[in-house]
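Enquirer: So here's upload20.txt, just compact mmCIF, C-alpha atoms:
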```
# COMPACT_ATOMS: atom_id res chain seq x y z
CA MET A 1 -24.36 48.40 -10.61
CA THR A 2 -21.32 47.20 -8.73
CA VAL A 3 -19.44 44.04 -9.64
CA ARG A 4 -16.59 42.53 -7.69
CA VAL A 5 -13.68 41.13 -9.72
CA VAL A 6 -11.27 38.63 -8.20
CA ALA A 7 -8.08 37.78 -10.08
CA PHE A 8 -5.54 34.99 -9.78
CA ALA A 9 -1.97 34.20 -10.70
CA ARG A 10 -0.59 36.06 -13.71
CA LEU A 11 -3.78 38.08 -14.12
CA ARG A 12 -3.65 39.10 -10.47
CA GLU A 13 -0.10 40.32 -10.93
CA LEU A 14 -0.83 42.20 -14.17
CA LEU A 15 -4.00 43.82 -12.83
CA GLY A 16 -2.37 44.69 -9.54
CA PHE A 17 -5.23 43.48 -7.36
CA SER A 18 -6.62 40.30 -5.87
CA GLN A 19 -10.09 41.73 -5.72
CA CYS A 20 -11.59 45.06 -6.70
CA GLU A 21 -15.09 46.52 -7.15
CA PHE A 22 -16.11 48.13 -10.42
CA ASP A 23 -19.09 50.29 -11.29
CA LEU A 24 -20.63 49.15 -14.55
CA PRO A 25 -23.61 50.50 -16.50
CA ASP A 26 -26.87 48.61 -16.23
CA GLY A 27 -27.10 45.94 -18.90
CA ALA A 28 -23.37 45.25 -18.87
CA ARG A 29 -22.25 41.75 -19.76
CA VAL A 30 -19.21 39.74 -18.72
CA ASP A 31 -17.40 40.85 -21.88
CA ASP A 32 -18.04 44.49 -20.97
CA ALA A 33 -16.43 43.97 -17.58
CA TRP A 34 -13.40 42.44 -19.31
CA ASP A 35 -13.17 45.43 -21.64
CA VAL A 36 -13.11 47.75 -18.63
CA LEU A 37 -10.20 45.76 -17.22
CA VAL A 38 -8.34 45.85 -20.54
CA ALA A 39 -8.82 49.62 -20.73
CA GLY A 40 -6.99 49.89 -17.43
CA VAL A 41 -4.30 47.28 -18.16
CA PRO A 42 -3.89 46.69 -21.92
CA ALA A 43 -1.30 43.96 -21.27
CA ILE A 44 -4.07 41.51 -20.33
CA ALA A 45 -5.86 41.79 -23.70
CA ASP A 46 -4.12 38.78 -25.22
CA LEU A 47 -5.03 36.58 -22.25
CA ARG A 48 -8.77 36.58 -22.86
CA ALA A 49 -8.77 33.42 -24.98
CA SER A 50 -6.99 31.41 -22.30
CA THR A 51 -8.96 32.86 -19.38
CA ARG A 52 -12.09 31.26 -17.98
CA ILE A 53 -14.41 33.57 -16.11
CA ALA A 54 -16.60 32.36 -13.26
CA CYS A 55 -19.64 34.30 -12.06
CA ASN A 56 -20.74 33.64 -8.48
CA GLY A 57 -18.89 30.34 -8.36
CA GLY A 58 -19.74 28.87 -11.77
CA VAL A 59 -17.83 29.21 -15.03
CA THR A 60 -19.80 31.41 -17.41
CA GLU A 61 -19.93 32.86 -20.94
CA GLY A 62 -18.90 36.33 -22.06
CA ALA A 63 -22.47 37.16 -23.13
CA ARG A 64 -23.90 36.64 -19.65
CA ALA A 65 -25.71 39.73 -18.35
CA LEU A 66 -24.38 40.94 -15.04
CA ARG A 67 -26.38 41.96 -12.01
CA ASP A 68 -25.56 44.22 -9.14
CA GLY A 69 -23.43 42.38 -6.57
CA ASP A 70 -22.13 39.70 -8.93
CA GLU A 71 -18.64 38.36 -8.35
CA LEU A 72 -16.48 37.61 -11.38
CA ALA A 73 -13.42 35.38 -10.96
CA LEU A 74 -10.73 35.53 -13.63
CA LEU A 75 -9.18 32.07 -14.00
CA PRO A 76 -5.99 31.78 -16.08
CA PRO A 77 -4.79 28.38 -17.31
CA VAL A 78 -4.38 26.20 -14.23
CA GLY A 79 -1.22 24.72 -12.76
CA GLY A 80 -2.28 22.74 -9.73
CA GLY A 81 -0.90 19.42 -8.54
CA MET B 82 22.80 -37.79 2.88
CA THR B 83 20.61 -35.51 4.93
CA VAL B 84 18.19 -33.00 3.38
CA ARG B 85 16.16 -30.43 5.29
CA VAL B 86 12.57 -29.91 4.11
CA VAL B 87 10.66 -26.76 5.03
CA ALA B 88 6.92 -26.60 4.36
CA PHE B 89 4.40 -23.79 4.22
CA ALA B 90 0.68 -23.19 4.47
CA ARG B 91 -1.53 -26.12 3.55
CA LEU B 92 1.47 -28.40 2.99
CA ARG B 93 2.85 -27.50 6.40
CA GLU B 94 -0.44 -28.42 7.99
CA LEU B 95 -0.80 -31.70 6.08
CA LEU B 96 2.79 -32.78 6.70
CA GLY B 97 2.63 -31.77 10.32
CA PHE B 98 5.97 -29.96 10.36
CA SER B 99 7.46 -26.60 9.46
CA GLN B 100 10.86 -28.15 8.93
CA CYS B 101 12.23 -31.65 9.20
CA GLU B 102 15.40 -33.49 8.20
CA PHE B 103 15.27 -36.60 6.04
CA ASP B 104 17.92 -39.18 5.26
CA LEU B 105 17.97 -39.98 1.56
CA PRO B 106 20.11 -42.42 -0.43
CA ASP B 107 23.00 -40.98 -2.43
CA GLY B 108 21.89 -39.96 -5.91
CA ALA B 109 18.40 -38.95 -4.75
CA ARG B 110 16.67 -36.23 -6.73
CA VAL B 111 14.06 -33.67 -5.73
CA ASP B 112 11.31 -35.99 -6.99
CA ASP B 113 12.62 -38.76 -4.74
CA ALA B 114 12.39 -36.50 -1.72
CA TRP B 115 8.79 -35.69 -2.66
CA ASP B 116 8.02 -39.41 -2.94
CA VAL B 117 9.36 -39.97 0.58
CA LEU B 118 7.01 -37.23 1.81
CA VAL B 119 4.04 -38.73 -0.04
CA ALA B 120 4.83 -42.16 1.45
CA GLY B 121 4.43 -40.60 4.88
CA VAL B 122 1.41 -38.41 4.08
CA PRO B 123 -0.47 -39.67 0.99
CA ALA B 124 -2.88 -36.73 1.19
CA ILE B 125 -0.26 -34.44 -0.34
CA ALA B 126 0.13 -36.49 -3.53
CA ASP B 127 -2.37 -34.46 -5.52
CA LEU B 128 -0.64 -31.19 -4.60
CA ARG B 129 2.58 -31.88 -6.53
CA ALA B 130 1.40 -30.17 -9.72
CA SER B 131 0.59 -26.93 -7.92
CA THR B 132 3.67 -26.97 -5.66
CA ARG B 133 6.89 -25.23 -6.55
CA ILE B 134 9.99 -26.56 -4.84
CA ALA B 135 12.96 -24.35 -4.05
CA CYS B 136 16.40 -25.76 -3.32
CA ASN B 137 18.71 -23.56 -1.25
CA GLY B 138 16.71 -20.45 -2.06
CA GLY B 139 16.02 -20.92 -5.78
CA VAL B 140 13.08 -22.62 -7.45
CA THR B 141 14.24 -25.88 -8.99
CA GLU B 142 13.15 -28.86 -11.10
CA GLY B 143 12.14 -32.30 -9.91
CA ALA B 144 15.08 -33.91 -11.70
CA ARG B 145 17.68 -31.91 -9.77
CA ALA B 146 20.16 -34.14 -7.94
CA LEU B 147 20.33 -33.45 -4.24
CA ARG B 148 23.43 -33.03 -2.16
CA ASP B 149 24.03 -33.53 1.52
CA GLY B 150 22.87 -30.47 3.46
CA ASP B 151 20.48 -29.15 0.80
CA GLU B 152 17.35 -27.36 1.95
CA LEU B 153 14.13 -27.96 0.04
CA ALA B 154 11.26 -25.52 0.46
CA LEU B 155 7.77 -26.67 -0.53
CA LEU B 156 5.82 -23.71 -1.91
CA PRO B 157 2.06 -24.13 -2.46
CA PRO B 158 0.12 -21.64 -4.63
CA VAL B 159 0.69 -18.22 -3.12
CA GLY B 160 -1.80 -15.88 -1.48
CA GLY B 161 0.17 -12.79 -0.49
CA GLY B 162 -1.02 -9.21 -0.66
CA MET C 163 15.06 0.09 7.75
CA ASN C 164 15.36 -1.94 4.55
CA ARG C 165 13.30 -1.17 1.48
CA PHE C 166 12.24 -4.79 1.22
CA ALA C 167 11.01 -6.57 4.30
CA VAL C 168 8.72 -9.27 5.65
CA SER C 169 7.90 -8.69 9.26
CA GLU C 170 5.53 -9.47 12.12
CA HIS C 171 5.47 -5.81 13.10
CA PRO C 172 2.67 -3.45 12.02
CA LEU C 173 3.44 -1.65 8.77
CA ASP C 174 3.86 2.12 8.51
CA ALA C 175 3.47 3.62 5.05
CA ALA C 176 5.05 6.91 6.13
CA VAL C 177 8.29 5.13 7.01
CA LEU C 178 8.47 3.54 3.56
CA GLU C 179 7.68 6.84 1.87
CA ASN C 180 10.63 8.45 3.61
CA LEU C 181 12.85 5.59 2.44
CA VAL C 182 12.19 6.21 -1.25
CA CYS C 183 11.68 9.95 -1.55
CA ASP C 184 14.51 12.34 -2.31
CA ASP C 185 14.63 15.79 -3.91
CA LYS C 186 14.23 14.33 -7.42
CA CYS C 187 10.91 12.84 -6.35
CA GLY C 188 7.87 14.60 -7.79
CA GLY C 189 5.31 11.83 -7.46
CA LEU C 190 4.81 9.23 -4.78
CA VAL C 191 2.27 6.43 -5.02
CA THR C 192 1.52 4.20 -2.06
CA PHE C 193 -0.59 1.07 -2.20
CA SER C 194 -1.79 -0.43 1.07
CA GLY C 195 -3.57 -3.77 1.15
CA ILE C 196 -5.92 -3.93 4.12
CA VAL C 197 -7.77 -6.79 5.80
CA ARG C 198 -11.46 -6.52 4.85
CA ALA C 199 -14.39 -7.57 7.01
CA ARG C 200 -15.88 -9.60 4.19
CA SER C 201 -14.20 -12.16 1.97
CA ASP C 202 -14.60 -12.33 -1.80
CA ASP C 203 -17.21 -15.05 -1.39
CA GLY C 204 -19.20 -12.93 1.03
CA ARG C 205 -18.27 -14.54 4.33
CA ASP C 206 -17.57 -12.49 7.47
CA VAL C 207 -13.85 -12.46 8.20
CA SER C 208 -12.47 -12.23 11.72
CA GLY C 209 -8.84 -12.03 10.67
CA LEU C 210 -6.04 -13.30 8.45
CA ALA C 211 -2.87 -15.22 9.18
CA TYR C 212 0.05 -14.73 6.77
CA GLU C 213 3.18 -16.80 6.53
CA ALA C 214 6.10 -16.45 4.15
CA HIS C 215 9.36 -17.96 3.02
CA VAL C 216 11.00 -14.77 4.21
CA GLU C 217 14.31 -15.07 2.39
CA LEU C 218 12.69 -15.98 -0.94
CA ALA C 219 9.98 -13.35 -0.53
CA ILE C 220 12.49 -10.56 -0.01
CA ALA C 221 14.49 -11.77 -3.02
CA GLU C 222 11.26 -11.69 -5.03
CA PHE C 223 10.49 -8.14 -3.89
CA GLU C 224 13.96 -7.07 -5.03
CA GLN C 225 13.46 -8.77 -8.38
CA ILE C 226 10.06 -7.13 -8.85
CA ALA C 227 11.60 -3.72 -8.13
CA ARG C 228 14.33 -4.34 -10.70
CA GLU C 229 11.77 -5.32 -13.32
CA ALA C 230 9.66 -2.25 -12.55
CA GLY C 231 12.69 -0.04 -13.11
CA GLU C 232 13.37 -1.71 -16.44
CA ARG C 233 9.77 -1.34 -17.57
CA PHE C 234 8.87 2.10 -16.28
CA GLY C 235 12.15 3.94 -15.92
CA GLU C 236 14.07 5.13 -12.92
CA CYS C 237 12.01 4.86 -9.76
CA ALA C 238 12.59 4.05 -6.13
CA ILE C 239 10.50 1.23 -4.67
CA ALA C 240 9.91 -0.15 -1.19
CA ILE C 241 7.80 -3.22 -0.37
CA HIS C 242 6.93 -4.44 3.09
CA HIS C 243 4.66 -7.40 3.83
CA ARG C 244 3.29 -8.33 7.20
CA ILE C 245 3.16 -11.91 8.50
CA GLY C 246 1.47 -13.40 11.53
CA ASP C 247 -2.08 -12.77 12.72
CA LEU C 248 -3.91 -9.67 11.44
CA VAL C 249 -7.35 -8.37 12.36
CA VAL C 250 -9.80 -6.52 10.13
CA GLY C 251 -8.50 -3.05 9.25
CA GLU C 252 -4.82 -3.88 9.63
CA THR C 253 -2.41 -3.41 6.75
CA ALA C 254 -1.05 -6.59 5.17
CA VAL C 255 1.21 -5.05 2.52
CA VAL C 256 2.57 -1.65 1.54
CA VAL C 257 4.14 -0.86 -1.85
CA VAL C 258 5.62 2.62 -2.28
CA VAL C 259 7.02 4.03 -5.51
CA ALA C 260 8.70 7.40 -5.98
CA ALA C 261 9.75 8.88 -9.32
CA ALA C 262 10.14 12.23 -11.01
CA HIS C 263 6.76 11.98 -12.75
CA ARG C 264 3.49 10.44 -11.76
CA ALA C 265 2.81 8.15 -14.73
CA ALA C 266 5.78 5.96 -13.82
CA THR C 267 4.84 5.91 -10.15
CA PHE C 268 1.34 4.63 -10.84
CA ASP C 269 2.49 2.09 -13.42
CA ALA C 270 5.33 0.76 -11.30
CA CYS C 271 3.24 0.53 -8.13
CA ARG C 272 0.49 -1.39 -9.86
CA PHE C 273 2.96 -3.69 -11.56
CA ALA C 274 4.68 -4.38 -8.25
CA ILE C 275 1.56 -5.32 -6.28
CA ASP C 276 0.27 -7.45 -9.16
CA ALA C 277 3.62 -9.27 -9.38
CA LEU C 278 3.81 -9.70 -5.61
CA LYS C 279 0.40 -11.34 -5.52
CA GLU C 280 1.32 -13.60 -8.39
CA ARG C 281 4.79 -14.69 -7.35
CA ALA C 282 5.92 -13.87 -3.83
CA PRO C 283 6.09 -16.95 -1.56
CA ILE C 284 3.53 -15.69 0.93
CA TRP C 285 0.43 -17.52 2.10
CA LYS C 286 -2.81 -16.33 3.61
CA ARG C 287 -5.27 -18.20 5.81
CA GLU C 288 -8.63 -16.51 6.29
CA ALA C 289 -10.37 -17.00 9.63
CA PHE C 290 -14.13 -16.53 9.57
CA VAL C 291 -16.50 -15.33 12.21
CA ASP C 292 -18.13 -18.78 12.19
CA GLY C 293 -14.86 -20.28 13.46
CA THR C 294 -13.71 -21.94 10.23
CA THR C 295 -10.48 -21.17 8.38
CA GLU C 296 -9.35 -21.48 4.79
CA TRP C 297 -6.11 -21.07 2.84
CA ARG C 298 -6.65 -18.51 0.08
CA GLU C 299 -4.81 -18.64 -3.20
CA ASN C 300 -4.49 -15.64 -5.51
CA ARG C 301 -6.30 -17.18 -8.42
CA CYS C 302 -7.30 -13.99 -10.16
CA THR C 303 -5.32 -10.79 -10.46
CA ASP C 304 -7.52 -8.59 -8.32
CA GLU C 305 -8.23 -10.07 -4.97
CA ALA C 306 -8.18 -7.90 -1.90
CA PRO C 307 -6.49 -7.06 0.32
CA GLY C 308 -3.39 -6.33 -1.66
CA MET D 309 -11.47 17.16 8.77
CA ASN D 310 -13.18 17.39 5.38
CA ARG D 311 -12.39 15.00 2.57
CA PHE D 312 -11.89 17.90 0.18
CA ALA D 313 -9.77 20.82 1.25
CA VAL D 314 -7.42 23.58 0.11
CA SER D 315 -5.22 24.77 2.92
CA GLU D 316 -2.05 26.58 3.87
CA HIS D 317 -1.23 23.88 6.40
CA PRO D 318 1.18 21.03 5.63
CA LEU D 319 -0.59 17.95 4.26
CA ASP D 320 -0.67 14.61 6.06
CA ALA D 321 -1.48 11.58 3.92
CA ALA D 322 -2.18 9.43 6.98
CA VAL D 323 -5.00 11.75 8.04
CA LEU D 324 -6.66 11.44 4.64
CA GLU D 325 -6.23 7.68 4.64
CA ASN D 326 -8.11 7.45 7.91
CA LEU D 327 -10.90 9.59 6.43
CA VAL D 328 -11.63 7.17 3.60
CA CYS D 329 -10.88 3.72 5.01
CA ASP D 330 -13.52 1.58 6.68
CA ASP D 331 -13.89 -2.18 7.16
CA LYS D 332 -15.01 -2.68 3.54
CA CYS D 333 -11.72 -1.19 2.35
CA GLY D 334 -9.30 -3.76 0.91
CA GLY D 335 -7.11 -1.46 -1.15
CA LEU D 336 -5.89 2.05 -0.51
CA VAL D 337 -3.94 4.09 -3.05
CA THR D 338 -2.36 7.39 -2.10
CA PHE D 339 -0.81 9.81 -4.56
CA SER D 340 1.39 12.57 -3.19
CA GLY D 341 2.70 15.34 -5.43
CA ILE D 342 5.97 16.67 -4.09
CA VAL D 343 8.03 19.77 -4.88
CA ARG D 344 11.05 18.68 -6.90
CA ALA D 345 14.46 20.34 -6.83
CA ARG D 346 14.54 20.55 -10.62
CA SER D 347 11.89 21.87 -12.97
CA ASP D 348 10.80 20.13 -16.14
CA ASP D 349 13.06 22.41 -18.15
CA GLY D 350 16.06 21.55 -16.00
CA ARG D 351 16.28 24.66 -13.82
CA ASP D 352 17.05 24.48 -10.10
CA VAL D 353 13.94 25.21 -8.10
CA SER D 354 14.03 26.88 -4.71
CA GLY D 355 10.32 26.58 -4.04
CA LEU D 356 6.77 26.88 -5.32
CA ALA D 357 3.92 29.24 -4.49
CA TYR D 358 0.39 27.93 -5.01
CA GLU D 359 -2.78 29.94 -5.02
CA ALA D 360 -6.35 28.78 -5.58
CA HIS D 361 -9.93 29.88 -5.97
CA VAL D 362 -10.65 27.89 -2.83
CA GLU D 363 -14.43 27.59 -3.15
CA LEU D 364 -14.31 26.59 -6.81
CA ALA D 365 -11.39 24.24 -6.25
CA ILE D 366 -13.19 22.33 -3.52
CA ALA D 367 -16.31 22.13 -5.70
CA GLU D 368 -14.12 20.72 -8.48
CA PHE D 369 -12.60 18.13 -6.13
CA GLU D 370 -16.12 17.01 -5.18
CA GLN D 371 -17.11 16.80 -8.83
CA ILE D 372 -14.00 14.78 -9.69
CA ALA D 373 -14.77 12.34 -6.87
CA ARG D 374 -18.33 11.91 -8.15
CA GLU D 375 -17.08 11.21 -11.66
CA ALA D 376 -14.52 8.71 -10.36
CA GLY D 377 -17.29 6.84 -8.55
CA GLU D 378 -19.37 6.72 -11.72
CA ARG D 379 -16.46 5.48 -13.80
CA PHE D 380 -14.77 3.04 -11.46
CA GLY D 381 -17.45 1.95 -9.02
CA GLU D 382 -17.93 2.58 -5.36
CA CYS D 383 -14.88 4.14 -3.80
CA ALA D 384 -14.09 6.69 -1.12
CA ILE D 385 -11.91 9.63 -2.16
CA ALA D 386 -10.20 12.47 -0.34
CA ILE D 387 -8.28 15.30 -2.00
CA HIS D 388 -6.27 17.97 -0.21
CA HIS D 389 -4.21 20.65 -1.95
CA ARG D 390 -1.75 22.96 -0.29
CA ILE D 391 -1.52 26.68 -1.08
CA GLY D 392 1.05 29.27 -0.09
CA ASP D 393 4.82 28.92 -0.20
CA LEU D 394 6.33 25.43 -0.39
CA VAL D 395 9.97 24.40 -0.35
CA VAL D 396 11.57 21.45 -2.13
CA GLY D 397 10.41 18.15 -0.63
CA GLU D 398 7.11 19.44 0.67
CA THR D 399 3.83 17.87 -0.42
CA ALA D 400 1.62 19.99 -2.69
CA VAL D 401 -1.29 17.61 -3.15
CA VAL D 402 -2.56 14.33 -1.74
CA VAL D 403 -5.21 12.16 -3.41
CA VAL D 404 -6.38 9.10 -1.47
CA VAL D 405 -8.74 6.43 -2.79
CA ALA D 406 -10.12 3.46 -0.86
CA ALA D 407 -12.19 0.66 -2.34
CA ALA D 408 -12.84 -3.03 -1.88
CA HIS D 409 -10.47 -4.02 -4.67
CA ARG D 410 -7.24 -2.56 -5.89
CA ALA D 411 -7.98 -2.09 -9.60
CA ALA D 412 -10.59 0.56 -8.83
CA THR D 413 -8.34 2.31 -6.34
CA PHE D 414 -5.51 2.70 -8.85
CA ASP D 415 -7.82 3.77 -11.67
CA ALA D 416 -9.76 6.26 -9.57
CA CYS D 417 -6.66 7.79 -8.01
CA ARG D 418 -5.00 8.31 -11.34
CA PHE D 419 -8.16 9.73 -12.85
CA ALA D 420 -8.53 12.13 -9.94
CA ILE D 421 -5.02 13.57 -10.05
CA ASP D 422 -5.16 13.87 -13.85
CA ALA D 423 -8.50 15.69 -13.63
CA LEU D 424 -7.29 17.92 -10.81
CA LYS D 425 -4.29 19.04 -12.84
CA GLU D 426 -6.46 19.68 -15.85
CA ARG D 427 -9.37 21.51 -14.24
CA ALA D 428 -8.97 22.63 -10.65
CA PRO D 429 -8.58 26.43 -10.31
CA ILE D 430 -5.16 26.28 -8.72
CA TRP D 431 -2.04 28.09 -9.90
CA LYS D 432 1.65 27.47 -9.36
CA ARG D 433 4.55 29.90 -9.51
CA GLU D 434 7.99 28.34 -9.58
CA ALA D 435 10.81 30.19 -7.87
CA PHE D 436 14.27 29.38 -9.11
CA VAL D 437 17.61 29.37 -7.34
CA ASP D 438 18.73 32.18 -9.70
CA GLY D 439 16.06 34.44 -8.20
CA THR D 440 13.59 34.42 -11.09
CA THR D 441 10.00 33.20 -10.92
CA GLU D 442 7.55 31.82 -13.47
CA TRP D 443 3.87 30.84 -13.54
CA ARG D 444 3.56 27.23 -14.67
CA GLU D 445 0.60 25.93 -16.58
CA ASN D 446 -0.27 22.24 -16.82
CA ARG D 447 0.12 21.94 -20.55
CA CYS D 448 0.69 18.24 -20.73
CA THR D 449 -0.88 15.52 -18.65
CA ASP D 450 2.20 14.45 -16.75
CA GLU D 451 3.99 17.31 -15.12
CA ALA D 452 5.37 16.95 -11.63
CA PRO D 453 4.75 17.50 -8.84
CA GLY D 454 1.25 16.20 -8.81
```
Could you quickly redo this structure as structure tokens?
Expert:
Amino acid sequence: MTVRVVAFARLRELLGFSQCEFDLPDGARVDDAWDVLVAGVPAIADLRASTRIACNGGVTEGARALRDGDELALLPPVGGG
Amino acid sequence: MTVRVVAFARLRELLGFSQCEFDLPDGARVDDAWDVLVAGVPAIADLRASTRIACNGGVTEGARALRDGDELALLPPVGGG
Amino acid sequence: MNRFAVSEHPLDAAVLENLVCDDKCGGLVTFSGIVRARSDDGRDVSGLAYEAHVELAIAEFEQIAREAGERFGECAIAIHHRIGDLVVGETAVVVVVAAAHRAATFDACRFAIDALKERAPIWKREAFVDGTTEWRENRCTDEAPG
Amino acid sequence: MNRFAVSEHPLDAAVLENLVCDDKCGGLVTFSGIVRARSDDGRDVSGLAYEAHVELAIAEFEQIAREAGERFGECAIAIHHRIGDLVVGETAVVVVVAAAHRAATFDACRFAIDALKERAPIWKREAFVDGTTEWRENRCTDEAPG
């Protein structure tokens, strides 16, 4: 299946993309998608604890099973206002 | 001596003037000026407790001795904002 | 334009905001008190008439701003109050506070409008749709507008 | 114009005030968060860049407004946040609250800006006069601007 990942702020800069599509094996969960990203850019590994991940517009858990066409948004600690 | 009295809001309406000059005997105090006003318009008598009186721009006491040319401002309970 | 004013002219919050904001300003809080269509006791209001002891009112605004600075730290404050006849929807008072951080701006703005309503020599006569009028005193600490 | 927006265009508090104010409105509180010339750690700032997850941010603004209504009673709220590159003195965020009485307007406005800084998916990169940049997180509850 294909999952779109959108990244913001520091994570966007470290990953080198604003949005990118990834092919993941069927049955992959949110945590698996993160692991794929870390394999490409190990520098983001330490940021997992502070990063919220939204799936299709709602914040979600790492154990959530992904489906083809899902969009994951990587949300670092916020700084608005 | 001559003292100018300026009145606001309900007191202005009851007294029938925004400002007026009064001749007072030498030695008159703020309370004496009020008594002259009450003699003319008894309906204001009950308003003394809720009325602050300013002399020449500063709130003052009833016992203050007046001087020729003083300006007394009669300030009912406020309603600004 | 002075930071503290009592005027028959319509109030413009943007003008006051420009008076107080400089490049140290990170937060800006503006309170506008507006003439409502319904009074606190539920009557239909056609308009308000304000009058003031202008000189004393401006001195009171200045004093309130000084006290706000003492209580909440360095902040820039402007206060303008309208007098004369106002219709529903018009702005009776604007209080603007600028400071480096937002906590002080909120605290100082609220303090200033509360103090203004309590102390400033300004009077309000409500005119009702039924043709009657009434002088309104600020008995409690949260009457609107202001 | 929507009450809740994230936009690259300059913000105009007066536009938001008109969105929320009707003839029941007696008090109107506007918070503007402005780009300061000096950061919290004392460095000279040349500008800020904001980015946002626009869809999620607007949903969060709507949620914050609902919560404010539940906590502080009926009030009308508008929240606009700027994204893109801002220079010192520009407005990054405007929160406007209108209600019948002023206590609710102050409480709801402060709640909304605090909640926005804590939760809204918006990020800020400070650019300094010395040429460096830094992503800034809202660690405490009173960082400026906003």
Enquirer: Which of these, C:Val258, C:Ala227, C:His263, C:Ala274, has the shortest distance to chain A once you count all atoms listed in the file?
Expert: C:His263
Enquirer: Using all atoms listed in the file, pick whichever of A:Leu37, A:Ala7, A:Leu24, A:Met1 has the shortest atom-to-atom distance to A:Leu72.
Expert: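 Comparing A:Leu37, A:Ala7, A:Leu24, A:Met1 against A:Leu72, the winner is A:Ala7.
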Enquirer: Give me the chain A side of the contact with chain D, cut-off 10 Å, one line per residue showing its nearest atom pair and distance in Å at one decimal, counting only C-alpha atoms, sorted by chain and residue number, as CSV.
Expert:
```
residue,atom,partner,partner_atom,distance
A:Val6,CA,D:His361,CA,9.1
A:Ala7,CA,D:His361,CA,9.1
A:Phe8,CA,D:Glu359,CA,7.5
A:Ala9,CA,D:Trp431,CA,6.2
A:Arg10,CA,D:Trp443,CA,6.9
A:Arg52,CA,D:Pro429,CA,9.7
A:Ala54,CA,D:Leu364,CA,9.0
A:Asn56,CA,D:Leu364,CA,9.7
A:Gly57,CA,D:Leu364,CA,6.1
A:Gly58,CA,D:Leu364,CA,7.7
A:Val59,CA,D:Leu364,CA,9.3
A:Ala73,CA,D:His361,CA,8.2
A:Leu74,CA,D:His361,CA,9.6
A:Leu75,CA,D:Pro429,CA,6.8
A:Pro76,CA,D:Trp431,CA,8.2
A:Pro77,CA,D:Glu445,CA,6.0
A:Val78,CA,D:Trp431,CA,5.3
A:Gly79,CA,D:Glu445,CA,4.4
A:Gly80,CA,D:Ile430,CA,4.7
A:Gly81,CA,D:Gly454,CA,3.9
```
Enquirer: Could you write those residues out with C-alpha atoms, as a compact mmCIF listing (two decimals), keeping the file's coordinate frame?
Expert:
```txt
# COMPACT_ATOMS: atom_id res chain seq x y z
CA VAL A 6 -11.27 38.63 -8.20
CA ALA A 7 -8.08 37.78 -10.08
CA PHE A 8 -5.54 34.99 -9.78
CA ALA A 9 -1.97 34.20 -10.70
CA ARG A 10 -0.59 36.06 -13.71
CA ARG A 52 -12.09 31.26 -17.98
CA ALA A 54 -16.60 32.36 -13.26
CA ASN A 56 -20.74 33.64 -8.48
CA GLY A 57 -18.89 30.34 -8.36
CA GLY A 58 -19.74 28.87 -11.77
CA VAL A 59 -17.83 29.21 -15.03
CA ALA A 73 -13.42 35.38 -10.96
CA LEU A 74 -10.73 35.53 -13.63
CA LEU A 75 -9.18 32.07 -14.00
CA PRO A 76 -5.99 31.78 -16.08
CA PRO A 77 -4.79 28.38 -17.31
CA VAL A 78 -4.38 26.20 -14.23
CA GLY A 79 -1.22 24.72 -12.76
CA GLY A 80 -2.28 22.74 -9.73
CA GLY A 81 -0.90 19.42 -8.54
```
Enquirer: Give me, as a CSV table (one decimal) with C-alpha atoms, in the coordinates of the input, the residues of chain C touching chain D, with the criterion being at most 9 Å (counting only C-alpha atoms).
Expert:
```
chain,number,residue,atom,x,y,z
C,175,ALA,CA,3.5,3.6,5.0
C,176,ALA,CA,5.0,6.9,6.1
C,183,CYS,CA,11.7,10.0,-1.6
C,184,ASP,CA,14.5,12.3,-2.3
C,185,ASP,CA,14.6,15.8,-3.9
C,186,LYS,CA,14.2,14.3,-7.4
C,187,CYS,CA,10.9,12.8,-6.4
C,188,GLY,CA,7.9,14.6,-7.8
C,189,GLY,CA,5.3,11.8,-7.5
C,190,LEU,CA,4.8,9.2,-4.8
C,191,VAL,CA,2.3,6.4,-5.0
C,192,THR,CA,1.5,4.2,-2.1
C,193,PHE,CA,-0.6,1.1,-2.2
C,194,SER,CA,-1.8,-0.4,1.1
C,195,GLY,CA,-3.6,-3.8,1.2
C,196,ILE,CA,-5.9,-3.9,4.1
C,197,VAL,CA,-7.8,-6.8,5.8
C,198,ARG,CA,-11.5,-6.5,4.8
C,199,ALA,CA,-14.4,-7.6,7.0
C,200,ARG,CA,-15.9,-9.6,4.2
C,250,VAL,CA,-9.8,-6.5,10.1
C,251,GLY,CA,-8.5,-3.0,9.2
C,262,ALA,CA,10.1,12.2,-11.0
C,263,HIS,CA,6.8,12.0,-12.8
C,264,ARG,CA,3.5,10.4,-11.8
C,265,ALA,CA,2.8,8.2,-14.7
C,267,THR,CA,4.8,5.9,-10.2
C,268,PHE,CA,1.3,4.6,-10.8
C,272,ARG,CA,0.5,-1.4,-9.9
C,304,ASP,CA,-7.5,-8.6,-8.3
C,305,GLU,CA,-8.2,-10.1,-5.0
C,306,ALA,CA,-8.2,-7.9,-1.9
C,307,PRO,CA,-6.5,-7.1,0.3
C,308,GLY,CA,-3.4,-6.3,-1.7
```
Enquirer: What is the atom CA of D:Leu394 to atom CA of D:Phe312 distance in Å?
Expert: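 Going from atom CA of D:Leu394 over to atom CA of D:Phe312 covers 19.7 Å.
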Enquirer: Which residues come within 7 Å of B:Arg110, counting all atoms listed in the file, excluding same-chain residues fewer than 3 positions away, as a ChimeraX atom specification?
Expert: /B:113-114,143-147
Enquirer: Atom CA of A:Ile53 and atom CA of A:Val30 are how many Å apart?
Expert: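 That distance, rounded to one decimal, is 8.2 Å.
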